[in-house]
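For reference, upload-v2.pdb (PDB, C-alpha atoms and all ligand atoms):
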```pdb
ATOM      1  CA  MET F   1       9.226  23.703  -4.401  1.00  0.00           C
ATOM      2  CA  ASP F   2       7.289  21.701  -6.997  1.00  0.00           C
ATOM      3  CA  GLU F   3       3.603  21.945  -7.873  1.00  0.00           C
ATOM      4  CA  ARG F   4       2.440  19.034  -5.676  1.00  0.00           C
ATOM      5  CA  GLU F   5       4.036  20.363  -2.517  1.00  0.00           C
ATOM      6  CA  GLU F   6       2.106  23.582  -2.928  1.00  0.00           C
ATOM      7  CA  GLU F   7      -1.141  21.724  -3.598  1.00  0.00           C
ATOM      8  CA  PHE F   8      -1.074  19.149  -0.794  1.00  0.00           C
ATOM      9  CA  GLU F   9      -1.738  20.495   2.648  1.00  0.00           C
ATOM     10  CA  PRO F  10       0.128  18.386   5.199  1.00  0.00           C
ATOM     11  CA  SER F  11      -2.360  16.438   7.287  1.00  0.00           C
ATOM     12  CA  VAL F  12      -2.488  14.373  10.462  1.00  0.00           C
ATOM     13  CA  LEU F  13      -3.048  11.409   8.120  1.00  0.00           C
ATOM     14  CA  GLY F  14       0.652  11.721   7.328  1.00  0.00           C
ATOM     15  CA  THR F  15       1.822  11.252  10.901  1.00  0.00           C
ATOM     16  CA  LYS F  16       2.653   8.080  12.805  1.00  0.00           C
ATOM     17  CA  GLU F  17       0.849   9.462  15.882  1.00  0.00           C
ATOM     18  CA  HIS F  18      -2.397   9.519  13.910  1.00  0.00           C
ATOM     19  CA  TRP F  19      -2.079   5.884  12.812  1.00  0.00           C
ATOM     20  CA  ASP F  20      -0.963   4.717  16.267  1.00  0.00           C
ATOM     21  CA  THR F  21      -4.059   6.295  17.827  1.00  0.00           C
ATOM     22  CA  ALA F  22      -6.365   4.977  15.090  1.00  0.00           C
ATOM     23  CA  TYR F  23      -5.097   1.393  15.367  1.00  0.00           C
ATOM     24  CA  GLU F  24      -5.054   1.428  19.183  1.00  0.00           C
ATOM     25  CA  ARG F  25      -8.768   2.261  18.970  1.00  0.00           C
ATOM     26  CA  ASP F  26      -9.364  -0.387  16.263  1.00  0.00           C
ATOM     27  CA  LEU F  27      -7.469  -2.977  18.313  1.00  0.00           C
ATOM     28  CA  GLN F  28      -9.678  -2.219  21.316  1.00  0.00           C
ATOM     29  CA  ASN F  29     -12.801  -2.484  19.108  1.00  0.00           C
ATOM     30  CA  PHE F  30     -11.580  -5.783  17.725  1.00  0.00           C
ATOM     31  CA  LYS F  31     -11.088  -7.166  21.231  1.00  0.00           C
ATOM     32  CA  GLU F  32     -14.545  -5.977  22.311  1.00  0.00           C
ATOM     33  CA  ASN F  33     -16.639  -6.622  19.171  1.00  0.00           C
ATOM     34  CA  GLY F  34     -14.493  -8.617  16.730  1.00  0.00           C
ATOM     35  CA  THR F  35     -14.640  -5.853  14.089  1.00  0.00           C
ATOM     36  CA  ALA F  36     -11.577  -5.389  11.835  1.00  0.00           C
ATOM     37  CA  GLY F  37     -12.000  -1.663  11.132  1.00  0.00           C
ATOM     38  CA  GLU F  38     -11.717   0.290   7.902  1.00  0.00           C
ATOM     39  CA  ILE F  39     -11.017  -1.220   4.471  1.00  0.00           C
ATOM     40  CA  TRP F  40      -9.421   1.659   2.580  1.00  0.00           C
ATOM     41  CA  PHE F  41     -10.979   2.183  -0.872  1.00  0.00           C
ATOM     42  CA  GLY F  42     -13.540  -0.550  -0.089  1.00  0.00           C
ATOM     43  CA  GLU F  43     -13.895  -4.246  -0.925  1.00  0.00           C
ATOM     44  CA  GLU F  44     -13.654  -3.561  -4.649  1.00  0.00           C
ATOM     45  CA  SER F  45     -10.069  -2.305  -4.257  1.00  0.00           C
ATOM     46  CA  MET F  46      -9.043  -5.767  -3.018  1.00  0.00           C
ATOM     47  CA  THR F  47     -11.005  -7.665  -5.677  1.00  0.00           C
ATOM     48  CA  ARG F  48      -9.381  -5.536  -8.377  1.00  0.00           C
ATOM     49  CA  LEU F  49      -5.860  -6.434  -7.211  1.00  0.00           C
ATOM     50  CA  ILE F  50      -6.601 -10.136  -6.791  1.00  0.00           C
ATOM     51  CA  ARG F  51      -8.281 -10.233 -10.214  1.00  0.00           C
ATOM     52  CA  TRP F  52      -5.102  -8.842 -11.772  1.00  0.00           C
ATOM     53  CA  LEU F  53      -2.864 -11.373  -9.993  1.00  0.00           C
ATOM     54  CA  LYS F  54      -5.116 -14.212 -11.165  1.00  0.00           C
ATOM     55  CA  LYS F  55      -5.250 -12.890 -14.730  1.00  0.00           C
ATOM     56  CA  GLN F  56      -1.445 -12.827 -14.831  1.00  0.00           C
ATOM     57  CA  LYS F  57      -1.410 -16.380 -13.433  1.00  0.00           C
ATOM     58  CA  MET F  58       0.980 -15.295 -10.688  1.00  0.00           C
ATOM     59  CA  PRO F  59       2.087 -18.487  -8.909  1.00  0.00           C
ATOM     60  CA  LEU F  60       0.292 -18.911  -5.600  1.00  0.00           C
ATOM     61  CA  ASP F  61       3.632 -19.126  -3.781  1.00  0.00           C
ATOM     62  CA  SER F  62       4.859 -15.747  -5.143  1.00  0.00           C
ATOM     63  CA  SER F  63       6.287 -13.639  -2.330  1.00  0.00           C
ATOM     64  CA  VAL F  64       3.885 -10.772  -1.694  1.00  0.00           C
ATOM     65  CA  LEU F  65       4.557  -7.768   0.544  1.00  0.00           C
ATOM     66  CA  ASP F  66       1.662  -5.546   1.659  1.00  0.00           C
ATOM     67  CA  ILE F  67       3.189  -2.173   2.522  1.00  0.00           C
ATOM     68  CA  GLY F  68       1.371  -0.316   5.310  1.00  0.00           C
ATOM     69  CA  THR F  69      -0.913  -3.290   5.817  1.00  0.00           C
ATOM     70  CA  GLY F  70      -3.029  -1.642   8.555  1.00  0.00           C
ATOM     71  CA  ASN F  71      -5.506  -4.269   9.775  1.00  0.00           C
ATOM     72  CA  GLY F  72      -4.169  -6.795   7.230  1.00  0.00           C
ATOM     73  CA  VAL F  73      -7.575  -7.509   5.680  1.00  0.00           C
ATOM     74  CA  LEU F  74      -6.062  -7.491   2.169  1.00  0.00           C
ATOM     75  CA  LEU F  75      -3.714 -10.278   3.272  1.00  0.00           C
ATOM     76  CA  VAL F  76      -6.700 -12.256   4.567  1.00  0.00           C
ATOM     77  CA  GLU F  77      -8.355 -11.951   1.145  1.00  0.00           C
ATOM     78  CA  LEU F  78      -5.126 -12.950  -0.627  1.00  0.00           C
ATOM     79  CA  ALA F  79      -4.796 -15.987   1.646  1.00  0.00           C
ATOM     80  CA  LYS F  80      -8.414 -16.954   0.968  1.00  0.00           C
ATOM     81  CA  SER F  81      -7.621 -16.712  -2.767  1.00  0.00           C
ATOM     82  CA  GLY F  82      -4.850 -19.263  -2.313  1.00  0.00           C
ATOM     83  CA  TYR F  83      -1.695 -17.137  -1.934  1.00  0.00           C
ATOM     84  CA  THR F  84       0.659 -18.746   0.548  1.00  0.00           C
ATOM     85  CA  ASN F  85       3.737 -16.519   0.827  1.00  0.00           C
ATOM     86  CA  LEU F  86       2.375 -13.351   2.386  1.00  0.00           C
ATOM     87  CA  THR F  87       4.042 -10.634   4.456  1.00  0.00           C
ATOM     88  CA  GLY F  88       2.565  -7.424   5.811  1.00  0.00           C
ATOM     89  CA  VAL F  89       4.485  -4.509   7.288  1.00  0.00           C
ATOM     90  CA  ASP F  90       3.373  -1.355   9.036  1.00  0.00           C
ATOM     91  CA  TYR F  91       5.204   1.243  11.106  1.00  0.00           C
ATOM     92  CA  SER F  92       2.434   1.263  13.696  1.00  0.00           C
ATOM     93  CA  VAL F  93       2.920  -1.373  16.404  1.00  0.00           C
ATOM     94  CA  SER F  94      -0.842  -1.338  17.089  1.00  0.00           C
ATOM     95  CA  ALA F  95      -1.623  -2.027  13.417  1.00  0.00           C
ATOM     96  CA  VAL F  96       0.679  -5.050  13.489  1.00  0.00           C
ATOM     97  CA  GLN F  97      -0.902  -6.256  16.739  1.00  0.00           C
ATOM     98  CA  LEU F  98      -4.374  -5.842  15.234  1.00  0.00           C
ATOM     99  CA  SER F  99      -3.448  -7.665  12.023  1.00  0.00           C
ATOM    100  CA  LYS F 100      -1.858 -10.500  14.039  1.00  0.00           C
ATOM    101  CA  ASN F 101      -5.065 -10.865  16.080  1.00  0.00           C
ATOM    102  CA  ILE F 102      -7.112 -10.915  12.867  1.00  0.00           C
ATOM    103  CA  MET F 103      -4.869 -13.610  11.307  1.00  0.00           C
ATOM    104  CA  GLU F 104      -5.249 -15.690  14.445  1.00  0.00           C
ATOM    105  CA  LYS F 105      -9.038 -15.385  14.303  1.00  0.00           C
ATOM    106  CA  GLU F 106      -9.017 -16.288  10.584  1.00  0.00           C
ATOM    107  CA  GLY F 107      -6.748 -19.299  11.176  1.00  0.00           C
ATOM    108  CA  LEU F 108      -3.910 -17.898   9.061  1.00  0.00           C
ATOM    109  CA  PRO F 109      -0.777 -18.317  11.195  1.00  0.00           C
ATOM    110  CA  HIS F 110       1.535 -18.500   8.147  1.00  0.00           C
ATOM    111  CA  VAL F 111       0.975 -14.827   7.234  1.00  0.00           C
ATOM    112  CA  LYS F 112       4.080 -12.920   8.379  1.00  0.00           C
ATOM    113  CA  LEU F 113       3.566  -9.537  10.011  1.00  0.00           C
ATOM    114  CA  GLN F 114       6.226  -7.161  11.209  1.00  0.00           C
ATOM    115  CA  VAL F 115       6.807  -3.606  12.316  1.00  0.00           C
ATOM    116  CA  GLU F 116       8.770  -1.757   9.625  1.00  0.00           C
ATOM    117  CA  ASP F 117       9.056   1.825   8.481  1.00  0.00           C
ATOM    118  CA  ILE F 118       9.077   1.409   4.725  1.00  0.00           C
ATOM    119  CA  LEU F 119      11.184   4.568   4.436  1.00  0.00           C
ATOM    120  CA  ASN F 120      13.929   2.781   6.376  1.00  0.00           C
ATOM    121  CA  PRO F 121      13.373  -0.946   5.803  1.00  0.00           C
ATOM    122  CA  SER F 122      15.476  -3.569   7.593  1.00  0.00           C
ATOM    123  CA  ASP F 123      18.012  -5.536   5.522  1.00  0.00           C
ATOM    124  CA  GLY F 124      15.930  -8.709   5.685  1.00  0.00           C
ATOM    125  CA  LEU F 125      13.002  -7.073   3.910  1.00  0.00           C
ATOM    126  CA  SER F 126      14.010  -7.822   0.326  1.00  0.00           C
ATOM    127  CA  GLY F 127      13.534 -10.086  -2.681  1.00  0.00           C
ATOM    128  CA  PHE F 128       9.748  -9.750  -2.994  1.00  0.00           C
ATOM    129  CA  GLN F 129       8.103 -10.608  -6.306  1.00  0.00           C
ATOM    130  CA  ILE F 130       5.059  -8.442  -5.651  1.00  0.00           C
ATOM    131  CA  CYS F 131       4.579  -5.336  -3.501  1.00  0.00           C
ATOM    132  CA  ILE F 132       1.145  -3.904  -2.855  1.00  0.00           C
ATOM    133  CA  ASP F 133       0.460  -0.393  -1.616  1.00  0.00           C
ATOM    134  CA  LYS F 134      -3.112   0.601  -0.913  1.00  0.00           C
ATOM    135  CA  GLY F 135      -3.116   4.119   0.516  1.00  0.00           C
ATOM    136  CA  THR F 136       0.326   4.066   2.122  1.00  0.00           C
ATOM    137  CA  PHE F 137       2.158   6.246  -0.385  1.00  0.00           C
ATOM    138  CA  ASP F 138      -0.802   8.630  -0.058  1.00  0.00           C
ATOM    139  CA  ALA F 139      -0.322   8.751   3.719  1.00  0.00           C
ATOM    140  CA  ILE F 140       3.437   9.269   3.428  1.00  0.00           C
ATOM    141  CA  CYS F 141       2.874  12.171   1.032  1.00  0.00           C
ATOM    142  CA  LEU F 142       0.766  13.977   3.642  1.00  0.00           C
ATOM    143  CA  ASN F 143       3.602  14.050   6.166  1.00  0.00           C
ATOM    144  CA  PRO F 144       4.308  17.584   7.361  1.00  0.00           C
ATOM    145  CA  ASP F 145       8.122  17.216   7.294  1.00  0.00           C
ATOM    146  CA  ASN F 146      10.352  17.135   4.256  1.00  0.00           C
ATOM    147  CA  VAL F 147       7.812  15.416   2.048  1.00  0.00           C
ATOM    148  CA  ALA F 148       9.761  15.684  -1.222  1.00  0.00           C
ATOM    149  CA  GLU F 149      12.614  13.726   0.345  1.00  0.00           C
ATOM    150  CA  LYS F 150      10.181  11.125   1.744  1.00  0.00           C
ATOM    151  CA  ARG F 151       8.629  10.561  -1.696  1.00  0.00           C
ATOM    152  CA  LYS F 152      12.059   9.933  -3.185  1.00  0.00           C
ATOM    153  CA  GLN F 153      12.991   7.669  -0.286  1.00  0.00           C
ATOM    154  CA  TYR F 154       9.802   5.665  -0.796  1.00  0.00           C
ATOM    155  CA  VAL F 155      10.677   4.932  -4.440  1.00  0.00           C
ATOM    156  CA  LYS F 156      14.211   3.961  -3.370  1.00  0.00           C
ATOM    157  CA  SER F 157      12.869   1.656  -0.635  1.00  0.00           C
ATOM    158  CA  LEU F 158      10.496  -0.034  -3.059  1.00  0.00           C
ATOM    159  CA  HIS F 159      13.362  -0.611  -5.430  1.00  0.00           C
ATOM    160  CA  ARG F 160      15.252  -2.279  -2.595  1.00  0.00           C
ATOM    161  CA  VAL F 161      12.537  -4.562  -1.272  1.00  0.00           C
ATOM    162  CA  LEU F 162      11.385  -5.772  -4.712  1.00  0.00           C
ATOM    163  CA  ARG F 163      13.481  -8.148  -6.756  1.00  0.00           C
ATOM    164  CA  PRO F 164      14.471  -6.987 -10.269  1.00  0.00           C
ATOM    165  CA  GLY F 165      11.479  -7.448 -12.551  1.00  0.00           C
ATOM    166  CA  GLY F 166       9.109  -7.511  -9.536  1.00  0.00           C
ATOM    167  CA  PHE F 167       5.701  -5.843  -9.587  1.00  0.00           C
ATOM    168  CA  LEU F 168       4.328  -2.895  -7.632  1.00  0.00           C
ATOM    169  CA  LEU F 169       0.531  -2.585  -7.456  1.00  0.00           C
ATOM    170  CA  ILE F 170      -0.318   0.850  -6.126  1.00  0.00           C
ATOM    171  CA  THR F 171      -3.737   2.305  -5.322  1.00  0.00           C
ATOM    172  CA  SER F 172      -3.987   6.038  -4.619  1.00  0.00           C
ATOM    173  CA  CYS F 173      -6.686   8.627  -4.112  1.00  0.00           C
ATOM    174  CA  ASN F 174      -4.292  11.581  -4.101  1.00  0.00           C
ATOM    175  CA  TRP F 175      -2.349  11.045  -7.284  1.00  0.00           C
ATOM    176  CA  THR F 176      -3.300  10.753 -10.935  1.00  0.00           C
ATOM    177  CA  LYS F 177      -1.775   8.231 -13.310  1.00  0.00           C
ATOM    178  CA  GLY F 178       0.489  10.920 -14.817  1.00  0.00           C
ATOM    179  CA  GLU F 179       1.713  12.085 -11.413  1.00  0.00           C
ATOM    180  CA  LEU F 180       2.493   8.561 -10.200  1.00  0.00           C
ATOM    181  CA  LEU F 181       4.274   7.820 -13.446  1.00  0.00           C
ATOM    182  CA  LYS F 182       6.434  10.894 -12.989  1.00  0.00           C
ATOM    183  CA  GLU F 183       7.281   9.820  -9.456  1.00  0.00           C
ATOM    184  CA  PHE F 184       8.178   6.198 -10.267  1.00  0.00           C
ATOM    185  CA  ARG F 185       9.404   6.193 -13.866  1.00  0.00           C
ATOM    186  CA  GLU F 186      13.103   6.418 -13.094  1.00  0.00           C
ATOM    187  CA  ARG F 187      13.098   2.929 -11.551  1.00  0.00           C
ATOM    188  CA  PHE F 188       9.795   1.418 -12.747  1.00  0.00           C
ATOM    189  CA  LEU F 189       7.937   0.766 -16.008  1.00  0.00           C
ATOM    190  CA  LEU F 190       4.176   1.293 -16.138  1.00  0.00           C
ATOM    191  CA  LEU F 191       2.559  -2.015 -17.166  1.00  0.00           C
ATOM    192  CA  GLU F 192      -1.128  -1.372 -16.737  1.00  0.00           C
ATOM    193  CA  GLU F 193      -3.777   0.916 -15.319  1.00  0.00           C
ATOM    194  CA  LEU F 194      -6.495  -1.036 -13.523  1.00  0.00           C
ATOM    195  CA  PRO F 195     -10.063   0.185 -14.060  1.00  0.00           C
ATOM    196  CA  THR F 196     -11.538   2.016 -11.071  1.00  0.00           C
ATOM    197  CA  PRO F 197     -15.061   3.396 -10.599  1.00  0.00           C
ATOM    198  CA  THR F 198     -15.664   6.650 -12.503  1.00  0.00           C
ATOM    199  CA  PHE F 199     -17.886   9.560 -11.606  1.00  0.00           C
ATOM    200  CA  CYS F 200     -19.451  12.169 -13.841  1.00  0.00           C
ATOM    201  CA  PHE F 201     -19.554  15.881 -13.056  1.00  0.00           C
ATOM    202  CA  GLY F 202     -20.262  18.862 -15.297  1.00  0.00           C
ATOM    203  CA  GLY F 203     -20.299  16.657 -18.393  1.00  0.00           C
ATOM    204  CA  LYS F 204     -16.838  15.267 -17.677  1.00  0.00           C
ATOM    205  CA  SER F 205     -16.024  11.859 -16.252  1.00  0.00           C
ATOM    206  CA  GLY F 206     -13.107  10.991 -14.014  1.00  0.00           C
ATOM    207  CA  SER F 207     -11.891   8.613 -11.301  1.00  0.00           C
ATOM    208  CA  SER F 208     -11.308   9.422  -7.680  1.00  0.00           C
ATOM    209  CA  VAL F 209      -8.971   6.438  -7.305  1.00  0.00           C
ATOM    210  CA  THR F 210      -5.960   5.481  -9.419  1.00  0.00           C
ATOM    211  CA  ALA F 211      -4.699   1.894  -9.488  1.00  0.00           C
ATOM    212  CA  LEU F 212      -1.506   1.146 -11.414  1.00  0.00           C
ATOM    213  CA  VAL F 213       0.792  -1.802 -11.935  1.00  0.00           C
ATOM    214  CA  PHE F 214       4.487  -1.020 -12.294  1.00  0.00           C
ATOM    215  CA  GLN F 215       7.335  -3.389 -13.027  1.00  0.00           C
ATOM    216  CA  GLN F 216      10.737  -2.749 -11.550  1.00  0.00           C
ATOM    217  CA  LYS F 217      13.398  -2.132 -14.183  1.00  0.00           C
ATOM    218  CA  GLU F 218      15.995  -4.945 -14.325  1.00  0.00           C
TER
HETATM  219  C1  LIG I   1      -4.519   4.698   4.411  1.00  0.00           C
HETATM  220  S1  LIG I   1      -3.905   3.481   5.515  1.00  0.00           S
HETATM  221  C2  LIG I   1      -4.081   2.028   4.472  1.00  0.00           C
HETATM  222  C3  LIG I   1      -4.052   0.735   5.244  1.00  0.00           C
HETATM  223  C4  LIG I   1      -4.190  -0.529   4.379  1.00  0.00           C
HETATM  224  N1  LIG I   1      -3.168  -0.573   3.349  1.00  0.00           N
HETATM  225  C5  LIG I   1      -5.566  -0.623   3.740  1.00  0.00           C
HETATM  226  O1  LIG I   1      -5.656  -0.542   2.515  1.00  0.00           O
HETATM  227  O2  LIG I   1      -6.545  -0.769   4.477  1.00  0.00           O
HETATM  228  C6  LIG I   1      -2.145   3.821   5.453  1.00  0.00           C
HETATM  229  C7  LIG I   1      -1.305   2.820   6.212  1.00  0.00           C
HETATM  230  O3  LIG I   1       0.081   3.098   5.980  1.00  0.00           O
HETATM  231  C8  LIG I   1       0.803   2.943   7.197  1.00  0.00           C
HETATM  232  N2  LIG I   1       2.045   3.725   7.036  1.00  0.00           N
HETATM  233  C9  LIG I   1       2.156   5.061   6.800  1.00  0.00           C
HETATM  234  N3  LIG I   1       3.456   5.405   6.690  1.00  0.00           N
HETATM  235  C10 LIG I   1       4.176   4.269   6.789  1.00  0.00           C
HETATM  236  C11 LIG I   1       5.561   3.976   6.747  1.00  0.00           C
HETATM  237  N4  LIG I   1       6.486   4.947   6.574  1.00  0.00           N
HETATM  238  N5  LIG I   1       5.965   2.690   6.887  1.00  0.00           N
HETATM  239  C12 LIG I   1       5.054   1.707   7.088  1.00  0.00           C
HETATM  240  N6  LIG I   1       3.721   1.923   7.164  1.00  0.00           N
HETATM  241  C13 LIG I   1       3.279   3.184   7.005  1.00  0.00           C
HETATM  242  C14 LIG I   1      -0.175   3.457   8.244  1.00  0.00           C
HETATM  243  O4  LIG I   1       0.151   3.028   9.548  1.00  0.00           O
HETATM  244  C15 LIG I   1      -1.477   2.868   7.719  1.00  0.00           C
HETATM  245  O5  LIG I   1      -1.665   1.546   8.182  1.00  0.00           O
END
```

Rewritten as structure tokens:
Amino acid sequence: MDEREEEFEPSVLGTKEHWDTAYERDLQNFKENGTAGEIWFGEESMTRLIRWLKKQKMPLDSSVLDIGTGNGVLLVELAKSGYTNLTGVDYSVSAVQLSKNIMEKEGLPHVKLQVEDILNPSDGLSGFQICIDKGTFDAICLNPDNVAEKRKQYVKSLHRVLRPGGFLLITSCNWTKGELLKEFRERFLLLEELPTPTFCFGGKSGSSVTALVFQQKE
């Protein structure tokens, strides 16, 4: 067993039942009050990703996949920034229902949303230029069953859904830059670390969130 498995306690946050219940509740709230629910890592986490895409002058029709899209609010922000070829997947049916309702409200019918387990993606889910993961790898790593295998499977799946040379933008609160690098380096090159808010404690400063850009090896 490696170091991380000993450190991470499995959590309900790693189970599909948890997310199904959470999004059923959020879907109900949306129907009653029009609220979208939680934005993981806050608004700034979306601005940071969009800023990077703009800085790289990524064409607005680049195919973008949001993995574990949840309520799909990141896709709404990407669409508002001009991106036109957007897909979101989530293994929770309720999350996909919620995100579809939100797209309808926002007048964004061209955003594609589908139920997919990223650890076992369908054949059609492939060829993306950009994949974004905001908190999904974190959730997968908290699964109580066979987590080492799931981490490996995640990297394999990403390799399959991205086209060669495609980009993975990953935001995590459980993993440091070095740990993510170790996990992904066999199939991905680290391009950039995106600045995240830092905190200071006991004379040392650090970040509670890591945001990295990887490029898939050709
Ligand atoms: C921490 S939430 C983040 C949601 C969204 N990305 C955001 O930033 O607001 C994790 C998301 O990953 C989804 N998820 C977890 N495991 C998954 C899997 N194997 N395949 C697809 N989605 C998954 C959950 O349903 C949940 O929507």

Open item on the list: Excluding Asn71 of chain F and its own-chain neighbours fewer than 2 positions away, which residues fall within 9 Å of it when counting only C-alpha atoms? Please give them as a PyMOL selection string.
Closed with: chain F and resi 23+26-27+36-39+69+73-74+95-100+102

Protein/DNA/RNA residues near (9.2, -3.6, 8.2), cut 9 Å, all atoms listed in the file, as a tab-separated table (two decimals) with C-alpha atoms, in the coordinates of the input:
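Done, and the output landed in point35.tsv:
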```
chain	number	residue	atom	x	y	z
F	67	ILE	CA	3.19	-2.17	2.52
F	68	GLY	CA	1.37	-0.32	5.31
F	88	GLY	CA	2.56	-7.42	5.81
F	89	VAL	CA	4.49	-4.51	7.29
F	90	ASP	CA	3.37	-1.36	9.04
F	91	TYR	CA	5.20	1.24	11.11
F	113	LEU	CA	3.57	-9.54	10.01
F	114	GLN	CA	6.23	-7.16	11.21
F	115	VAL	CA	6.81	-3.61	12.32
F	116	GLU	CA	8.77	-1.76	9.62
F	117	ASP	CA	9.06	1.82	8.48
F	118	ILE	CA	9.08	1.41	4.72
F	120	ASN	CA	13.93	2.78	6.38
F	121	PRO	CA	13.37	-0.95	5.80
F	122	SER	CA	15.48	-3.57	7.59
F	124	GLY	CA	15.93	-8.71	5.68
F	125	LEU	CA	13.00	-7.07	3.91
```

Produce a table with one row for each residue of segment 82-143 of chain F that has an atom at most 10 Å from any atom of segment 61-66 of chain F, each row naming the nearest atom pair and its distance in Å at one decimal; use all atoms listed in the file; arrange rows by chain and rising residue number; format as JSON lines.
```
{"residue": "F:Gly82", "atom": "CA", "partner": "F:Asp61", "partner_atom": "CA", "distance": 8.6}
{"residue": "F:Tyr83", "atom": "CA", "partner": "F:Asp61", "partner_atom": "CA", "distance": 6.0}
{"residue": "F:Thr84", "atom": "CA", "partner": "F:Asp61", "partner_atom": "CA", "distance": 5.3}
{"residue": "F:Asn85", "atom": "CA", "partner": "F:Ser63", "partner_atom": "CA", "distance": 5.0}
{"residue": "F:Leu86", "atom": "CA", "partner": "F:Val64", "partner_atom": "CA", "distance": 5.1}
{"residue": "F:Thr87", "atom": "CA", "partner": "F:Leu65", "partner_atom": "CA", "distance": 4.9}
{"residue": "F:Gly88", "atom": "CA", "partner": "F:Asp66", "partner_atom": "CA", "distance": 4.6}
{"residue": "F:Val89", "atom": "CA", "partner": "F:Asp66", "partner_atom": "CA", "distance": 6.4}
{"residue": "F:Asp90", "atom": "CA", "partner": "F:Asp66", "partner_atom": "CA", "distance": 8.7}
{"residue": "F:Lys112", "atom": "CA", "partner": "F:Leu65", "partner_atom": "CA", "distance": 9.4}
{"residue": "F:Leu113", "atom": "CA", "partner": "F:Asp66", "partner_atom": "CA", "distance": 9.5}
{"residue": "F:Leu125", "atom": "CA", "partner": "F:Leu65", "partner_atom": "CA", "distance": 9.1}
{"residue": "F:Ser126", "atom": "CA", "partner": "F:Leu65", "partner_atom": "CA", "distance": 9.5}
{"residue": "F:Gly127", "atom": "CA", "partner": "F:Ser63", "partner_atom": "CA", "distance": 8.1}
{"residue": "F:Phe128", "atom": "CA", "partner": "F:Ser63", "partner_atom": "CA", "distance": 5.2}
{"residue": "F:Gln129", "atom": "CA", "partner": "F:Ser63", "partner_atom": "CA", "distance": 5.3}
{"residue": "F:Ile130", "atom": "CA", "partner": "F:Val64", "partner_atom": "CA", "distance": 4.7}
{"residue": "F:Cys131", "atom": "CA", "partner": "F:Leu65", "partner_atom": "CA", "distance": 4.7}
{"residue": "F:Ile132", "atom": "CA", "partner": "F:Asp66", "partner_atom": "CA", "distance": 4.8}
{"residue": "F:Asp133", "atom": "CA", "partner": "F:Asp66", "partner_atom": "CA", "distance": 6.2}
{"residue": "F:Lys134", "atom": "CA", "partner": "F:Asp66", "partner_atom": "CA", "distance": 8.2}
{"residue": "F:Thr136", "atom": "CA", "partner": "F:Asp66", "partner_atom": "CA", "distance": 9.7}
```

TODO: Using all atoms listed in the file, pick whichever of F:Ser157, F:Thr176, F:Gln28, F:Thr171 has the shortest atom-to-atom distance to Asn101 of chain F.
DONE: F:Gln28

TODO: Using all atoms listed in the file, pick whichever of F:Lys150, F:Arg25, F:Lys105, F:Lys55 has the shortest atom-to-atom distance to ligand LIG 1 (chain I).
DONE: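 Between F:Lys150, F:Arg25, F:Lys105, F:Lys55, the residue approaching ligand LIG 1 (chain I) most closely is F:Lys150.
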
- [ ] Evaluate the PyMOL selection byres (((chain F and resi 186) around 12) and not hetatm) here and jot the selected residues down as a PyMOL selection string.
- [x] chain F and resi 152+155-156+159+180-185+187-190+214-218

TODO: Find, counting all atoms listed in the file, the residue in F:Thr21, F:Ser45, F:Asn146, F:Gln153 that gets nearest to Leu212 of chain F.
DONE: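 Checking each candidate against Leu212 of chain F, we get F:Ser45 as the closest.
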
Task: Residue among F:Gly34, F:Phe137, F:Trp52, F:Asp20 lying closest to Pro195 of chain F, counting all atoms listed in the file - done: F:Trp52

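Surrounding residues of (-1.9, 7.1, -17.0) at most 7 Å away are Lys177, Gly178 and Glu193 of chain F (based on only C-alpha atoms).
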
TODO: Considering all atoms listed in the file, state which residue in the set F:Asp123, F:Asp138, F:Asp145, F:Glu32 is at the smallest distance from ligand LIG 1 (chain I).
DONE: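 Ranking F:Asp123, F:Asp138, F:Asp145, F:Glu32 by distance to ligand LIG 1 (chain I), first place goes to F:Asp138.
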